[in-house]
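*Asks:* Below: one structure in structure tokens.
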Number of protein chains: 2
Amino acid sequence: MAEVSTWTVTGMTCGHCVASVTEELSEIPGVESVDVVLDSGAVTVTSATPLQRAAVEEAVAEAGYTLV
Amino acid sequence: MAEVSTWTVTGMTCGHCVASVTEELSEIPGVESVDVVLDSGAVTVTSATPLQRAAVEEAVAEAGYTLV
């Protein structure tokens, strides 16, 4: 059964930002899909196992943004 | 003697946008350097020969933005 978690990311302003965040989050082991809503900063991640907040925070930071 | 021209581009919101515009403009034959100021949308291009507005407009559009 896949796990679905929702996070909020600040600082994204355009589709390039969305692509960067999506790419970094997709590289976390076990992540199956990433859905980003630019306007709200809502990021929904589906993963095989529950995600650690630290892993999500690191990926978001790697993309250049901030996890709320 | 290099030619320096300044243009205005609208729609850029972040460093990724700046990178896209810089990349596309740099591909115009004769272009030697591109300097983009995100806040104002000012784009300064140095080129070996004078640039045609149509070429600049096409490159900016290719990046996904609009030349004023």
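Going through the structure tokens in order, the chains are called A, B, and so on, while each chain numbers its residues from 1 and the ligands are numbered from 1 in the order shown.
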Leaving out segment 39-52 of chain B and any residue of its chain fewer than 4 positions from it, which residues lie within 9 Å of it when counting only C-alpha atoms, given as a VMD selection string?
*Replies:* chain B and resid 1 to 13 21 to 22 25 to 26 28 to 35 56 to 57
*Asks:* Running DSSP on the backbone, which parts of chain A land in strand (DSSP E or B), as a list of chain:residue names?
*Replies:*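 Across chain A, those assigned strand (DSSP E or B) are A:Glu3, A:Val4, A:Ser5, A:Thr6, A:Trp7, A:Thr8, A:Val9, A:Thr10, A:Val31, A:Glu32, A:Ser33, A:Val34, A:Asp35, A:Val36, A:Val37, A:Ala42, A:Val43, A:Thr44, A:Val45, A:Thr46, A:Ser47, A:Thr66, A:Leu67.
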*Asks:* Okay, now the selection with N, CA, C and O atoms, as an mmCIF file, in the first residue's frame?
*Replies:*
```
data_model
loop_
_atom_site.group_PDB
_atom_site.id
_atom_site.type_symbol
_atom_site.label_atom_id
_atom_site.label_comp_id
_atom_site.auth_asym_id
_atom_site.auth_seq_id
_atom_site.Cartn_x
_atom_site.Cartn_y
_atom_site.Cartn_z
ATOM 1 N N GLU A 3 2.070 5.114 0.456
ATOM 2 C CA GLU A 3 1.858 6.183 1.428
ATOM 3 C C GLU A 3 1.721 7.503 0.677
ATOM 4 O O GLU A 3 2.487 7.767 -0.254
ATOM 5 N N VAL A 4 0.766 8.312 1.087
ATOM 6 C CA VAL A 4 0.602 9.625 0.465
ATOM 7 C C VAL A 4 0.803 10.689 1.542
ATOM 8 O O VAL A 4 0.150 10.651 2.587
ATOM 9 N N SER A 5 1.728 11.589 1.306
ATOM 10 C CA SER A 5 1.961 12.665 2.281
ATOM 11 C C SER A 5 1.932 14.001 1.564
ATOM 12 O O SER A 5 2.280 14.108 0.387
ATOM 13 N N THR A 6 1.487 15.019 2.288
ATOM 14 C CA THR A 6 1.430 16.353 1.689
ATOM 15 C C THR A 6 2.286 17.305 2.496
ATOM 16 O O THR A 6 2.260 17.292 3.729
ATOM 17 N N TRP A 7 3.054 18.125 1.778
ATOM 18 C CA TRP A 7 4.001 19.045 2.372
ATOM 19 C C TRP A 7 3.790 20.423 1.778
ATOM 20 O O TRP A 7 3.157 20.545 0.730
ATOM 21 N N THR A 8 4.343 21.431 2.425
ATOM 22 C CA THR A 8 4.253 22.776 1.854
ATOM 23 C C THR A 8 5.657 23.318 1.623
ATOM 24 O O THR A 8 6.511 23.254 2.509
ATOM 25 N N VAL A 9 5.851 23.817 0.414
ATOM 26 C CA VAL A 9 7.154 24.359 0.018
ATOM 27 C C VAL A 9 6.977 25.835 -0.342
ATOM 28 O O VAL A 9 6.062 26.188 -1.081
ATOM 29 N N THR A 10 7.848 26.672 0.180
ATOM 30 C CA THR A 10 7.768 28.101 -0.157
ATOM 31 C C THR A 10 8.892 28.500 -1.102
ATOM 32 O O THR A 10 9.948 27.864 -1.133
ATOM 33 N N VAL A 31 10.122 6.914 -3.574
ATOM 34 C CA VAL A 31 9.120 7.864 -4.067
ATOM 35 C C VAL A 31 8.596 7.405 -5.428
ATOM 36 O O VAL A 31 9.373 7.077 -6.326
ATOM 37 N N GLU A 32 7.271 7.369 -5.528
ATOM 38 C CA GLU A 32 6.640 6.887 -6.760
ATOM 39 C C GLU A 32 6.076 8.023 -7.611
ATOM 40 O O GLU A 32 6.051 7.940 -8.832
ATOM 41 N N SER A 33 5.563 9.052 -6.947
ATOM 42 C CA SER A 33 5.061 10.184 -7.721
ATOM 43 C C SER A 33 5.087 11.448 -6.883
ATOM 44 O O SER A 33 5.049 11.397 -5.647
ATOM 45 N N VAL A 34 5.193 12.568 -7.563
ATOM 46 C CA VAL A 34 5.249 13.872 -6.905
ATOM 47 C C VAL A 34 4.296 14.801 -7.651
ATOM 48 O O VAL A 34 4.345 14.885 -8.883
ATOM 49 N N ASP A 35 3.437 15.479 -6.899
ATOM 50 C CA ASP A 35 2.519 16.430 -7.517
ATOM 51 C C ASP A 35 2.673 17.769 -6.812
ATOM 52 O O ASP A 35 2.523 17.859 -5.595
ATOM 53 N N VAL A 36 2.997 18.797 -7.574
ATOM 54 C CA VAL A 36 3.235 20.121 -6.993
ATOM 55 C C VAL A 36 2.192 21.113 -7.510
ATOM 56 O O VAL A 36 1.954 21.189 -8.716
ATOM 57 N N VAL A 37 1.580 21.856 -6.589
ATOM 58 C CA VAL A 37 0.681 22.942 -6.970
ATOM 59 C C VAL A 37 1.441 24.241 -6.715
ATOM 60 O O VAL A 37 1.728 24.595 -5.574
ATOM 61 N N ALA A 42 1.667 23.470 -2.292
ATOM 62 C CA ALA A 42 1.342 22.123 -1.802
ATOM 63 C C ALA A 42 2.043 21.065 -2.647
ATOM 64 O O ALA A 42 1.981 21.090 -3.872
ATOM 65 N N VAL A 43 2.710 20.166 -1.956
ATOM 66 C CA VAL A 43 3.447 19.099 -2.633
ATOM 67 C C VAL A 43 2.948 17.762 -2.089
ATOM 68 O O VAL A 43 3.051 17.506 -0.887
ATOM 69 N N THR A 44 2.406 16.958 -2.955
ATOM 70 C CA THR A 44 1.893 15.650 -2.552
ATOM 71 C C THR A 44 2.817 14.571 -3.095
ATOM 72 O O THR A 44 3.105 14.533 -4.289
ATOM 73 N N VAL A 45 3.287 13.740 -2.179
ATOM 74 C CA VAL A 45 4.249 12.712 -2.559
ATOM 75 C C VAL A 45 3.676 11.330 -2.254
ATOM 76 O O VAL A 45 3.168 11.088 -1.152
ATOM 77 N N THR A 46 3.739 10.453 -3.232
ATOM 78 C CA THR A 46 3.333 9.069 -3.027
ATOM 79 C C THR A 46 4.605 8.235 -2.965
ATOM 80 O O THR A 46 5.491 8.373 -3.812
ATOM 81 N N SER A 47 4.686 7.404 -1.930
ATOM 82 C CA SER A 47 5.917 6.628 -1.737
ATOM 83 C C SER A 47 5.594 5.230 -1.233
ATOM 84 O O SER A 47 4.526 4.987 -0.662
ATOM 85 N N THR A 66 12.304 26.019 0.423
ATOM 86 C CA THR A 66 12.188 25.776 1.850
ATOM 87 C C THR A 66 10.939 24.985 2.178
ATOM 88 O O THR A 66 9.850 25.293 1.690
ATOM 89 N N LEU A 67 11.126 23.967 3.014
ATOM 90 C CA LEU A 67 9.986 23.169 3.490
ATOM 91 C C LEU A 67 9.422 23.847 4.733
ATOM 92 O O LEU A 67 10.157 24.161 5.667
#
```
*Asks:* Once you count only C-alpha atoms, which residues of chain B turn out to be within 12 Å of chain A? Could you give them as a ChimeraX atom specification?
*Replies:* /B:11-20,63-65
*Asks:* One decimal, Å: what's the distance from atom CA of Leu38 of chain A over to atom CA of Glu58 of chain A, could you say?
*Replies:* 19.3 Å
*Asks:* If you measure from atom CA of Glu23 of chain A to atom CA of Ala59 of chain A, what distance in Å do you get, rounded to one decimal?
*Replies:*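 Distance between the two atoms: 8.9 Å.
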*Asks:* Could you give me, as a list of chain:residue names, each residue of chain B that DSSP assigns to alpha helix (DSSP H) when run on this structure's backbone?
*Replies:*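 Of chain B, the ones in alpha helix (DSSP H) are B:Gly15, B:His16, B:Cys17, B:Val18, B:Ala19, B:Ser20, B:Val21, B:Thr22, B:Glu23, B:Glu24, B:Leu25, B:Ser26, B:Arg53, B:Ala54, B:Ala55, B:Val56, B:Glu57, B:Glu58, B:Ala59, B:Val60, B:Ala61, B:Glu62, B:Ala63.
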